[in-house]
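Structure file target-v2.pdb with PDB, C-alpha atoms:
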ATOM      1  CA  ARG A   1      63.688 150.624 103.012
ATOM      2  CA  LYS A   2      66.578 152.956 103.828
ATOM      3  CA  GLU A   3      70.097 151.539 103.680
ATOM      4  CA  VAL A   4      70.821 152.689 107.218
ATOM      5  CA  GLU A   5      68.076 153.041 109.787
ATOM      6  CA  GLN A   6      68.148 154.690 113.178
ATOM      7  CA  ASP A   7      65.598 155.638 115.772
ATOM      8  CA  PRO A   8      65.417 159.443 115.356
ATOM      9  CA  GLY A   9      64.574 159.977 119.022
ATOM     10  CA  PRO A  10      64.653 162.446 120.617
ATOM     11  CA  PHE A  11      66.287 160.907 123.647
ATOM     12  CA  ASN A  12      66.152 163.072 126.750
ATOM     13  CA  VAL A  13      68.217 161.694 129.617
ATOM     14  CA  PRO A  14      69.565 163.126 132.874
ATOM     15  CA  GLU A  15      73.228 163.929 133.263
ATOM     16  CA  GLY A  16      75.156 160.896 134.444
ATOM     17  CA  ALA A  17      72.821 158.374 132.850
ATOM     18  CA  THR A  18      73.816 155.665 130.422
ATOM     19  CA  VAL A  19      72.209 155.828 126.989
ATOM     20  CA  ALA A  20      72.356 153.447 124.039
ATOM     21  CA  PHE A  21      71.600 153.943 120.358
ATOM     22  CA  ASN A  22      71.043 151.305 117.746
ATOM     23  CA  CYS A  23      71.330 151.243 114.008
ATOM     24  CA  THR A  24      70.620 148.620 111.341
ATOM     25  CA  TYR A  25      71.974 148.454 107.801
ATOM     26  CA  SER A  26      70.698 146.568 104.785
ATOM     27  CA  ASN A  27      73.823 145.975 102.688
ATOM     28  CA  SER A  28      75.505 142.805 103.929
ATOM     29  CA  ALA A  29      78.603 143.662 101.871
ATOM     30  CA  SER A  30      79.264 146.811 103.921
ATOM     31  CA  GLN A  31      82.867 147.026 104.995
ATOM     32  CA  SER A  32      83.381 149.953 107.355
ATOM     33  CA  PHE A  33      81.240 151.409 110.083
ATOM     34  CA  PHE A  34      81.318 154.652 112.022
ATOM     35  CA  TRP A  35      79.496 156.833 114.472
ATOM     36  CA  TYR A  36      79.542 160.544 113.681
ATOM     37  CA  ARG A  37      78.382 163.358 115.899
ATOM     38  CA  GLN A  38      76.672 166.502 114.620
ATOM     39  CA  ASP A  39      76.068 169.563 116.749
ATOM     40  CA  CYS A  40      73.282 171.992 115.886
ATOM     41  CA  ARG A  41      74.085 173.960 112.708
ATOM     42  CA  LYS A  42      77.508 172.344 112.418
ATOM     43  CA  GLU A  43      79.042 169.741 110.163
ATOM     44  CA  PRO A  44      79.176 166.036 111.100
ATOM     45  CA  LYS A  45      82.407 164.939 112.750
ATOM     46  CA  LEU A  46      83.779 161.471 113.333
ATOM     47  CA  LEU A  47      83.117 160.192 116.852
ATOM     48  CA  MET A  48      84.566 156.721 116.455
ATOM     49  CA  SER A  49      85.031 153.852 114.060
ATOM     50  CA  VAL A  50      83.269 150.577 114.837
ATOM     51  CA  TYR A  51      85.215 147.321 114.711
ATOM     52  CA  SER A  52      83.924 143.766 114.656
ATOM     53  CA  SER A  53      85.436 143.028 118.052
ATOM     54  CA  GLY A  54      83.808 146.077 119.593
ATOM     55  CA  ASN A  55      85.769 149.081 120.728
ATOM     56  CA  GLU A  56      85.800 151.610 123.486
ATOM     57  CA  ASP A  57      86.921 155.228 123.653
ATOM     58  CA  GLY A  58      86.571 156.643 127.115
ATOM     59  CA  ARG A  59      82.874 156.749 127.963
ATOM     60  CA  PHE A  60      81.865 155.570 124.507
ATOM     61  CA  THR A  61      81.540 151.936 123.440
ATOM     62  CA  ALA A  62      80.661 150.794 119.931
ATOM     63  CA  GLN A  63      79.576 147.305 118.917
ATOM     64  CA  LEU A  64      79.062 145.670 115.541
ATOM     65  CA  ASN A  65      77.050 142.545 114.863
ATOM     66  CA  ARG A  66      77.606 141.551 111.235
ATOM     67  CA  ALA A  67      75.236 138.589 111.385
ATOM     68  CA  SER A  68      72.341 140.803 112.440
ATOM     69  CA  GLN A  69      73.625 143.849 110.511
ATOM     70  CA  TYR A  70      73.362 145.901 113.626
ATOM     71  CA  ILE A  71      75.542 148.624 115.171
ATOM     72  CA  SER A  72      75.261 150.144 118.615
ATOM     73  CA  LEU A  73      76.709 153.044 120.567
ATOM     74  CA  LEU A  74      76.730 153.204 124.354
ATOM     75  CA  ILE A  75      77.483 156.404 126.247
ATOM     76  CA  ARG A  76      78.222 156.032 129.957
ATOM     77  CA  ASP A  77      78.146 158.794 132.567
ATOM     78  CA  SER A  78      76.627 161.196 130.055
ATOM     79  CA  LYS A  79      77.648 164.857 130.131
ATOM     80  CA  LEU A  80      75.751 167.964 129.105
ATOM     81  CA  SER A  81      78.268 168.320 126.275
ATOM     82  CA  ASP A  82      77.139 164.978 124.819
ATOM     83  CA  SER A  83      73.938 166.651 123.613
ATOM     84  CA  ALA A  84      74.021 166.312 119.835
ATOM     85  CA  THR A  85      72.724 164.217 116.962
ATOM     86  CA  TYR A  86      74.492 160.886 116.544
ATOM     87  CA  LEU A  87      74.742 159.528 113.014
ATOM     88  CA  CYS A  88      75.325 155.902 112.137
ATOM     89  CA  VAL A  89      77.458 155.594 108.994
ATOM     90  CA  VAL A  90      78.086 152.585 106.800
ATOM     91  CA  ARG A  91      80.540 152.286 103.942
ATOM     92  CA  GLY A  92      79.093 150.212 101.125
ATOM     93  CA  ALA A  93      81.151 149.833  97.954
ATOM     94  CA  GLN A  94      82.961 153.169  97.978
ATOM     95  CA  LYS A  95      80.269 155.461  99.281
ATOM     96  CA  LEU A  96      79.413 156.478 102.825
ATOM     97  CA  VAL A  97      75.732 156.192 103.704
ATOM     98  CA  PHE A  98      74.384 158.045 106.720
ATOM     99  CA  GLY A  99      71.456 157.176 108.906
ATOM    100  CA  GLN A 100      68.858 159.786 109.737
ATOM    101  CA  GLY A 101      70.540 160.442 113.081
ATOM    102  CA  THR A 102      69.409 160.114 116.687
ATOM    103  CA  ARG A 103      68.941 163.331 118.610
ATOM    104  CA  LEU A 104      70.187 163.237 122.195
ATOM    105  CA  THR A 105      69.623 165.861 124.874
ATOM    106  CA  ILE A 106      71.323 165.547 128.261
ATOM    107  CA  ASN A 107      69.444 167.382 130.970
ATOM    108  CA  PRO A 108      71.071 168.860 134.093
TER
ATOM    109  CA  ASP B   1      94.766 171.858 110.754
ATOM    110  CA  ALA B   2      93.833 170.596 107.303
ATOM    111  CA  ARG B   3      90.174 171.089 106.583
ATOM    112  CA  VAL B   4      87.615 170.971 103.818
ATOM    113  CA  THR B   5      86.673 174.479 102.726
ATOM    114  CA  GLN B   6      83.275 175.292 101.258
ATOM    115  CA  THR B   7      82.077 178.534  99.729
ATOM    116  CA  PRO B   8      79.794 180.342 100.075
ATOM    117  CA  ARG B   9      78.714 179.566 103.636
ATOM    118  CA  HIS B  10      75.277 181.042 103.022
ATOM    119  CA  LYS B  11      73.367 181.729  99.821
ATOM    120  CA  VAL B  12      69.928 183.211  99.305
ATOM    121  CA  THR B  13      68.709 183.224  95.735
ATOM    122  CA  GLU B  14      65.537 183.576  93.772
ATOM    123  CA  MET B  15      63.847 180.646  92.137
ATOM    124  CA  GLY B  16      65.166 180.063  88.649
ATOM    125  CA  GLN B  17      68.644 181.407  89.318
ATOM    126  CA  GLU B  18      71.820 179.383  88.932
ATOM    127  CA  VAL B  19      73.640 178.429  92.116
ATOM    128  CA  THR B  20      77.261 177.277  92.249
ATOM    129  CA  MET B  21      78.768 175.819  95.394
ATOM    130  CA  ARG B  22      82.485 175.203  95.694
ATOM    131  CA  CYS B  23      84.584 172.847  97.754
ATOM    132  CA  GLN B  24      88.306 172.554  98.338
ATOM    133  CA  PRO B  25      89.055 169.057  99.624
ATOM    134  CA  ILE B  26      91.884 168.296 102.018
ATOM    135  CA  LEU B  27      95.180 168.090 100.146
ATOM    136  CA  GLY B  28      95.989 164.473  99.332
ATOM    137  CA  HIS B  29      92.444 163.181  99.650
ATOM    138  CA  ASN B  30      91.312 161.364  96.525
ATOM    139  CA  THR B  31      87.608 160.924  97.325
ATOM    140  CA  VAL B  32      85.076 163.762  97.412
ATOM    141  CA  PHE B  33      81.423 163.507  98.429
ATOM    142  CA  TRP B  34      78.518 165.918  98.068
ATOM    143  CA  TYR B  35      75.671 165.553 100.570
ATOM    144  CA  ARG B  36      72.436 167.465 101.066
ATOM    145  CA  GLN B  37      70.855 167.721 104.505
ATOM    146  CA  THR B  38      67.275 168.626 105.319
ATOM    147  CA  MET B  39      65.222 168.071 108.426
ATOM    148  CA  MET B  40      62.946 165.632 106.633
ATOM    149  CA  GLN B  41      65.500 163.547 104.716
ATOM    150  CA  GLY B  42      68.631 163.799 106.798
ATOM    151  CA  LEU B  43      71.961 163.490 104.965
ATOM    152  CA  GLU B  44      71.475 162.350 101.387
ATOM    153  CA  LEU B  45      74.414 161.452  99.169
ATOM    154  CA  LEU B  46      74.174 163.370  95.911
ATOM    155  CA  ALA B  47      77.433 162.402  94.195
ATOM    156  CA  TYR B  48      80.963 161.287  94.825
ATOM    157  CA  PHE B  49      84.260 161.312  93.011
ATOM    158  CA  ARG B  50      87.403 159.267  93.209
ATOM    159  CA  ASN B  51      90.565 160.646  91.667
ATOM    160  CA  ARG B  52      88.356 163.376  90.116
ATOM    161  CA  ALA B  53      86.229 160.820  88.238
ATOM    162  CA  PRO B  54      82.518 160.714  89.074
ATOM    163  CA  LEU B  55      81.680 157.288  90.502
ATOM    164  CA  ASP B  56      78.059 157.691  91.431
ATOM    165  CA  ASP B  57      75.663 160.587  90.985
ATOM    166  CA  SER B  58      72.462 158.579  91.226
ATOM    167  CA  GLY B  59      71.321 160.608  94.215
ATOM    168  CA  MET B  60      71.310 163.807  92.230
ATOM    169  CA  PRO B  61      68.362 165.207  90.226
ATOM    170  CA  LYS B  62      69.968 165.048  86.779
ATOM    171  CA  ASP B  63      67.827 167.639  85.106
ATOM    172  CA  ARG B  64      69.012 170.515  87.253
ATOM    173  CA  PHE B  65      72.052 169.415  89.260
ATOM    174  CA  SER B  66      75.581 168.866  88.049
ATOM    175  CA  ALA B  67      78.787 168.061  89.891
ATOM    176  CA  GLU B  68      82.324 168.360  88.577
ATOM    177  CA  MET B  69      85.944 168.315  89.685
ATOM    178  CA  PRO B  70      87.875 170.607  87.354
ATOM    179  CA  ASP B  71      91.042 169.773  89.262
ATOM    180  CA  ALA B  72      92.140 167.973  92.412
ATOM    181  CA  THR B  73      91.724 171.088  94.540
ATOM    182  CA  LEU B  74      88.214 172.065  93.461
ATOM    183  CA  ALA B  75      84.836 170.374  93.372
ATOM    184  CA  THR B  76      81.699 172.195  92.259
ATOM    185  CA  LEU B  77      77.988 171.550  92.603
ATOM    186  CA  LYS B  78      75.663 173.547  90.384
ATOM    187  CA  ILE B  79      71.909 173.888  90.419
ATOM    188  CA  GLN B  80      70.251 175.405  87.363
ATOM    189  CA  PRO B  81      67.490 176.440  87.609
ATOM    190  CA  SER B  82      67.103 176.458  91.384
ATOM    191  CA  GLU B  83      63.772 175.724  93.051
ATOM    192  CA  PRO B  84      62.488 176.358  96.590
ATOM    193  CA  ARG B  85      62.642 172.612  97.339
ATOM    194  CA  ASP B  86      66.419 172.793  96.845
ATOM    195  CA  SER B  87      66.700 174.785 100.074
ATOM    196  CA  ALA B  88      68.973 172.763 102.331
ATOM    197  CA  VAL B  89      72.490 172.584 103.716
ATOM    198  CA  TYR B  90      74.927 171.175 101.177
ATOM    199  CA  PHE B  91      78.004 169.500 102.597
ATOM    200  CA  CYS B  92      81.180 168.526 100.842
ATOM    201  CA  ALA B  93      83.388 165.867 102.406
ATOM    202  CA  SER B  94      86.719 164.382 101.416
ATOM    203  CA  GLY B  95      88.630 161.273 102.371
ATOM    204  CA  LEU B  96      91.303 158.768 101.430
ATOM    205  CA  GLY B  97      88.775 156.305 100.066
ATOM    206  CA  GLY B  98      90.313 153.315 101.820
ATOM    207  CA  LEU B  99      88.993 150.773 104.274
ATOM    208  CA  GLY B 100      88.674 150.929 108.030
ATOM    209  CA  LYS B 101      89.970 154.158 109.472
ATOM    210  CA  ASN B 102      90.932 155.354 105.984
ATOM    211  CA  ALA B 103      87.270 155.276 104.996
ATOM    212  CA  GLU B 104      86.597 158.280 107.236
ATOM    213  CA  ALA B 105      85.166 161.388 105.577
ATOM    214  CA  PHE B 106      85.994 164.894 106.741
ATOM    215  CA  PHE B 107      83.259 167.448 106.247
ATOM    216  CA  GLY B 108      83.315 171.081 105.315
ATOM    217  CA  GLN B 109      81.156 173.553 107.190
ATOM    218  CA  GLY B 110      78.462 173.415 104.551
ATOM    219  CA  THR B 111      76.642 175.867 102.310
ATOM    220  CA  ARG B 112      73.237 176.865 103.641
ATOM    221  CA  LEU B 113      71.095 177.477 100.566
ATOM    222  CA  THR B 114      67.748 179.234 100.624
ATOM    223  CA  VAL B 115      65.767 179.503  97.399
ATOM    224  CA  VAL B 116      62.872 181.932  97.604
TER
END
Would you mind writing the structure in this file as structure tokens?
Amino acid sequence: RKEVEQDPGPFNVPEGATVAFNCTYSNSASQSFFWYRQDCRKEPKLLMSVYSSGNEDGRFTAQLNRASQYISLLIRDSKLSDSATYLCVVRGAQKLVFGQGTRLTINP
Amino acid sequence: DARVTQTPRHKVTEMGQEVTMRCQPILGHNTVFWYRQTMMQGLELLAYFRNRAPLDDSGMPKDRFSAEMPDATLATLKIQPSEPRDSAVYFCASGLGGLGKNAEAFFGQGTRLTVV
């Protein structure tokens, strides 16, 4: 079983729709959680950290459920520019472990 | 803007040749990661360093791969001999190695390696 698991998609949604991604992790001792975004042929970049209380950054909302070892990302009012691969990232011990990524395409 | 710098950006080499990839982490960052990305496996952690000391290289094929940090401004990843299955994008990332926001890793643009 992989340490971090995501549905690879692809997700194809119309512009303006709301889309949600989920991610599960296996290491209950994990301490930090992130969502990264990766555009085609580019490096991953931090989208947002994920806090236990949940956090929001504009159209993006991240949630963490430690009991279920589950992380989610919600994108509201999706834009064409949101098309990318979204990577769930978990920090266990001192290393950062990435999920496979979920590919999202926003259609006009 | 401070950024992680990787060289070369692209490398095409013949099977059996040695490949060396270099990374300059962001000044002041004490943690350096090497990742490999392929379509099939996604981002795999190969090795990481803290304060130039290797902490974990269990993700790296030991017989042909080696990773070092000769000094705080340079990390290297070598493959010798290279094989076609090593073809991938190799990313270096650096960070402060802390918790919460300080656990964030900043990535270089990657080295796209093709072994023919």
May I have the residues of chain A within 9 Å of chain B, counting only C-alpha atoms, written as a PyMOL selection string?
-> chain A and resi 31-34+41-46+49-51+91+94-101
Applied to this file, what does the PyMOL selection byres ((chain A and resi 83-89) around 6) return in terms of residues, put as a PyMOL selection string?
-> chain A and resi 33-39+80-82+90+97-99+101-106
Around all the atoms of segment 28-44 of chain B listed in the file, with 5 Å of room on each side, what axis-aligned box do you get, giving centre and edge lengths in Å to one decimal, as lines of an AutoDock Vina configuration file?
center_x = 79.5
center_y = 164.8
center_z = 102.5
size_x = 43.0
size_y = 17.7
size_z = 21.9
Resolved residues for the PyMOL selection byres ((chain A and resi 69) around 10) as a VMD selection string = chain A and resid 4 23 to 30 64 to 68 70 to 71
Explicit residue set for the PyMOL selection byres ((chain B and resi 63) around 12), as a VMD selection string | chain B and resid 58 60 to 62 64 to 67 78 to 82
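Interatomic distance, atom CA of Val116 of chain B to atom CA of Arg22 of chain B: 20.8 Å.
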Which one is closest to Ser87 of chain B: B:Glu14, B:Leu27, B:Trp34, B:Thr73? Count all atoms listed in the file.
->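 Of all the options, B:Glu14 lies closest to Ser87 of chain B.
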Can you pull out every residue within 12 Å of Asn51 of chain B, counting only C-alpha atoms, but drop anything in the same chain fewer than 5 positions away, and send it as an MDAnalysis selection string?
-> chainID B and resid 25 28:33 68:75 94:97
Would you write out those residues with C-alpha atoms, as a PDB file, in the frame of the given file?
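Writing the result to out05.pdb gives the following:
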ATOM      1  CA  PRO B  25      89.055 169.057  99.624  1.00  0.00           C
ATOM      2  CA  GLY B  28      95.989 164.473  99.332  1.00  0.00           C
ATOM      3  CA  HIS B  29      92.444 163.181  99.650  1.00  0.00           C
ATOM      4  CA  ASN B  30      91.312 161.364  96.525  1.00  0.00           C
ATOM      5  CA  THR B  31      87.608 160.924  97.325  1.00  0.00           C
ATOM      6  CA  VAL B  32      85.076 163.762  97.412  1.00  0.00           C
ATOM      7  CA  PHE B  33      81.423 163.507  98.429  1.00  0.00           C
ATOM      8  CA  GLU B  68      82.324 168.360  88.577  1.00  0.00           C
ATOM      9  CA  MET B  69      85.944 168.315  89.685  1.00  0.00           C
ATOM     10  CA  PRO B  70      87.875 170.607  87.354  1.00  0.00           C
ATOM     11  CA  ASP B  71      91.042 169.773  89.262  1.00  0.00           C
ATOM     12  CA  ALA B  72      92.140 167.973  92.412  1.00  0.00           C
ATOM     13  CA  THR B  73      91.724 171.088  94.540  1.00  0.00           C
ATOM     14  CA  LEU B  74      88.214 172.065  93.461  1.00  0.00           C
ATOM     15  CA  ALA B  75      84.836 170.374  93.372  1.00  0.00           C
ATOM     16  CA  SER B  94      86.719 164.382 101.416  1.00  0.00           C
ATOM     17  CA  GLY B  95      88.630 161.273 102.371  1.00  0.00           C
ATOM     18  CA  LEU B  96      91.303 158.768 101.430  1.00  0.00           C
ATOM     19  CA  GLY B  97      88.775 156.305 100.066  1.00  0.00           C
TER      20      GLY B  97
END
Between atom CA of Arg52 of chain B and atom CA of Ala93 of chain A - distance in Å to one decimal |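 Interatomic distance, atom CA of Ala93 of chain A to atom CA of Arg52 of chain B: 17.2 Å.
Shortest separation to Arg3 of chain B among B:Leu77, B:Val115, B:Leu46, B:Cys23 occurs at residue B:Cys23, atoms counted being all atoms listed in the file.
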Name the residues in contact with Glu15 of chain A at a cut-off of 9 Å, using only C-alpha atoms, excluding same-chain residues fewer than 2 positions from it; report them as number ranges by chain.
-> A: 13, 17-18, 77-80, 106-108
Preceding selection exported with C-alpha atoms as a PDB file, keeping the file's coordinate frame:
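Okay, this is what ended up in again.pdb:
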ATOM      1  CA  VAL A  13      68.217 161.694 129.617  1.00  0.00           C
ATOM      2  CA  ALA A  17      72.821 158.374 132.850  1.00  0.00           C
ATOM      3  CA  THR A  18      73.816 155.665 130.422  1.00  0.00           C
ATOM      4  CA  ASP A  77      78.146 158.794 132.567  1.00  0.00           C
ATOM      5  CA  SER A  78      76.627 161.196 130.055  1.00  0.00           C
ATOM      6  CA  LYS A  79      77.648 164.857 130.131  1.00  0.00           C
ATOM      7  CA  LEU A  80      75.751 167.964 129.105  1.00  0.00           C
ATOM      8  CA  ILE A 106      71.323 165.547 128.261  1.00  0.00           C
ATOM      9  CA  ASN A 107      69.444 167.382 130.970  1.00  0.00           C
ATOM     10  CA  PRO A 108      71.071 168.860 134.093  1.00  0.00           C
TER      11      PRO A 108
END
Between atom CA of Leu47 of chain A and atom CA of Asp86 of chain B, what is the spacing in Å?
->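 Separation of atom CA of Asp86 of chain B and atom CA of Leu47 of chain A: 28.9 Å.
Using only C-alpha atoms, every residue with an atom at most 9 Å from the point (76.4, 146.5, 120.6) is listed here: Ala20, Phe21, Asn22, Gly54, Thr61, Ala62, Gln63, Leu64, Asn65, Tyr70, Ile71, Ser72, Leu73 and Leu74 of chain A.
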